[in-house]
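> Sending over a structure as structure tokens; questions will come in a sec.
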Amino acid sequence: MIYITRREHFSASHVLENINLSKEKNIELFGKCNNFHGHNYYIEVTLAGIPHPDSSYVMDLKKLKEIITNEILNKVDHKFLNELEMFRNVIPTTENMAMIFWKILSEKINVDNVKLYSVRIYETEKNFVEYRGE
Ligand code: NI
């Protein structure tokens with residue numbers, strides 16, 4: 001198996017809040033992140049596959065870039081995540097972002113020789129979350 005990864009960037013804002021809990025509990029859980037703020041996110045999408053006999057590519061990375069752009073970046077870049085349909089009734093933590101982006105991408109990427117292997121979201125240089133669909 002060969003693993004290929006495309007890294008992309010987007011900026012977005014959010015508020016981390018559980019609307020079922022009190023203001024005090026939200027501040028206890030989320031601290032400063034209970035306020036409106038933004039991040040410069042990076043997303044890394046890794047595919048696992050077997051190089052195609054014609055091209056020797058697992059997938060043309062230009063094609064992967066297009067899928068990430070159309071399915072994720074165009075929907076979230078410079079947006080307020082809490083207001084997006086994909087995050088309705090979901091707290092837009094990095095964990096939930098990774099899982100939701102996985103679901104969206106997995107519907108576009110599962111072709112013959114290739115499988116979506118992981119979605120990694122970097123919220124800061126030091127914090128990132130990885131989801132492998134399990
Ligand atoms: Ni945040």
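Letters A, B, ... mark the chains of the structure tokens in the order given; residue numbers begin at 1 per chain; ligand numbers begin at 1, in order shown.
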Got a sec to check which residues lie within 9 Å of ligand 1, using only C-alpha atoms and all ligand atoms, and send them as a PyMOL selection string?

chain A and resi 13-16+32-39+92-94+123

> Let's see if you can do this: from backbone DSSP, list all strand (DSSP E) residues in chain A, as JSON, numbers by chain.

{"A": [2, 3, 4, 5, 6, 7, 8, 9, 10, 11, 12, 13, 14, 37, 38, 39, 40, 41, 42, 43, 44, 45, 46, 47, 48, 49, 79, 80, 114, 115, 116, 117, 118, 119, 120, 121, 122, 128, 129, 130, 131]}

> Take the residues just selected and output them with C-alpha atoms as an mmCIF file, in the first residue's frame.


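Contents of the output file part_2.cif:
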data_model
loop_
_atom_site.group_PDB
_atom_site.id
_atom_site.type_symbol
_atom_site.label_atom_id
_atom_site.label_comp_id
_atom_site.auth_asym_id
_atom_site.auth_seq_id
_atom_site.Cartn_x
_atom_site.Cartn_y
_atom_site.Cartn_z
ATOM 1 C CA ILE A 2 1.186 3.511 -0.832
ATOM 2 C CA TYR A 3 0.031 6.560 1.126
ATOM 3 C CA ILE A 4 -0.329 9.958 -0.514
ATOM 4 C CA THR A 5 -1.227 13.194 1.262
ATOM 5 C CA ARG A 6 -2.443 16.592 0.164
ATOM 6 C CA ARG A 7 -2.178 19.494 2.599
ATOM 7 C CA GLU A 8 -4.440 22.542 2.289
ATOM 8 C CA HIS A 9 -5.156 25.625 4.341
ATOM 9 C CA PHE A 10 -8.276 27.521 5.357
ATOM 10 C CA SER A 11 -9.297 30.165 7.881
ATOM 11 C CA ALA A 12 -12.521 29.962 9.830
ATOM 12 C CA SER A 13 -14.128 31.175 13.038
ATOM 13 C CA HIS A 14 -16.129 29.370 15.673
ATOM 14 C CA HIS A 37 -12.503 33.504 17.632
ATOM 15 C CA GLY A 38 -10.758 32.203 14.542
ATOM 16 C CA HIS A 39 -8.043 29.804 13.482
ATOM 17 C CA ASN A 40 -5.745 29.270 10.543
ATOM 18 C CA TYR A 41 -6.446 25.611 9.958
ATOM 19 C CA TYR A 42 -4.515 23.098 7.932
ATOM 20 C CA ILE A 43 -6.133 19.959 6.609
ATOM 21 C CA GLU A 44 -4.167 16.917 5.486
ATOM 22 C CA VAL A 45 -6.016 14.245 3.555
ATOM 23 C CA THR A 46 -4.213 10.924 3.184
ATOM 24 C CA LEU A 47 -5.246 8.257 0.695
ATOM 25 C CA ALA A 48 -4.073 4.643 0.699
ATOM 26 C CA GLY A 49 -3.942 2.764 -2.542
ATOM 27 C CA LYS A 79 -16.849 31.111 7.293
ATOM 28 C CA PHE A 80 -18.351 31.032 10.792
ATOM 29 C CA VAL A 114 -7.887 4.060 -3.608
ATOM 30 C CA LYS A 115 -9.330 4.497 -0.124
ATOM 31 C CA LEU A 116 -9.507 7.483 2.181
ATOM 32 C CA TYR A 117 -7.022 6.643 4.944
ATOM 33 C CA SER A 118 -7.066 9.657 7.264
ATOM 34 C CA VAL A 119 -8.158 13.242 7.700
ATOM 35 C CA ARG A 120 -5.933 15.405 9.873
ATOM 36 C CA ILE A 121 -6.950 18.866 11.017
ATOM 37 C CA TYR A 122 -4.359 21.207 12.520
ATOM 38 C CA PHE A 128 -4.017 18.458 15.587
ATOM 39 C CA VAL A 129 -6.640 15.748 15.355
ATOM 40 C CA GLU A 130 -6.612 12.700 13.103
ATOM 41 C CA TYR A 131 -9.621 10.591 12.126
#

> Can you measure CA of Asp54 (chain A) to CA of Thr69 (chain A) for me? One decimal in Å is fine.

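Atom-to-atom, CA of Asp54 (chain A) to CA of Thr69 (chain A), that is 25.6 Å.
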
> Could you check how far CA of Val58 (chain A) sits from CA of Asn110 (chain A), in Å to one decimal?

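Distance reported for this atom pair: 12.0 Å.
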
> What are the DSSP alpha helix (DSSP H) residues of chain A, as an NGL selection string?

:A and (23-30 or 61-68 or 74-76 or 94-109)
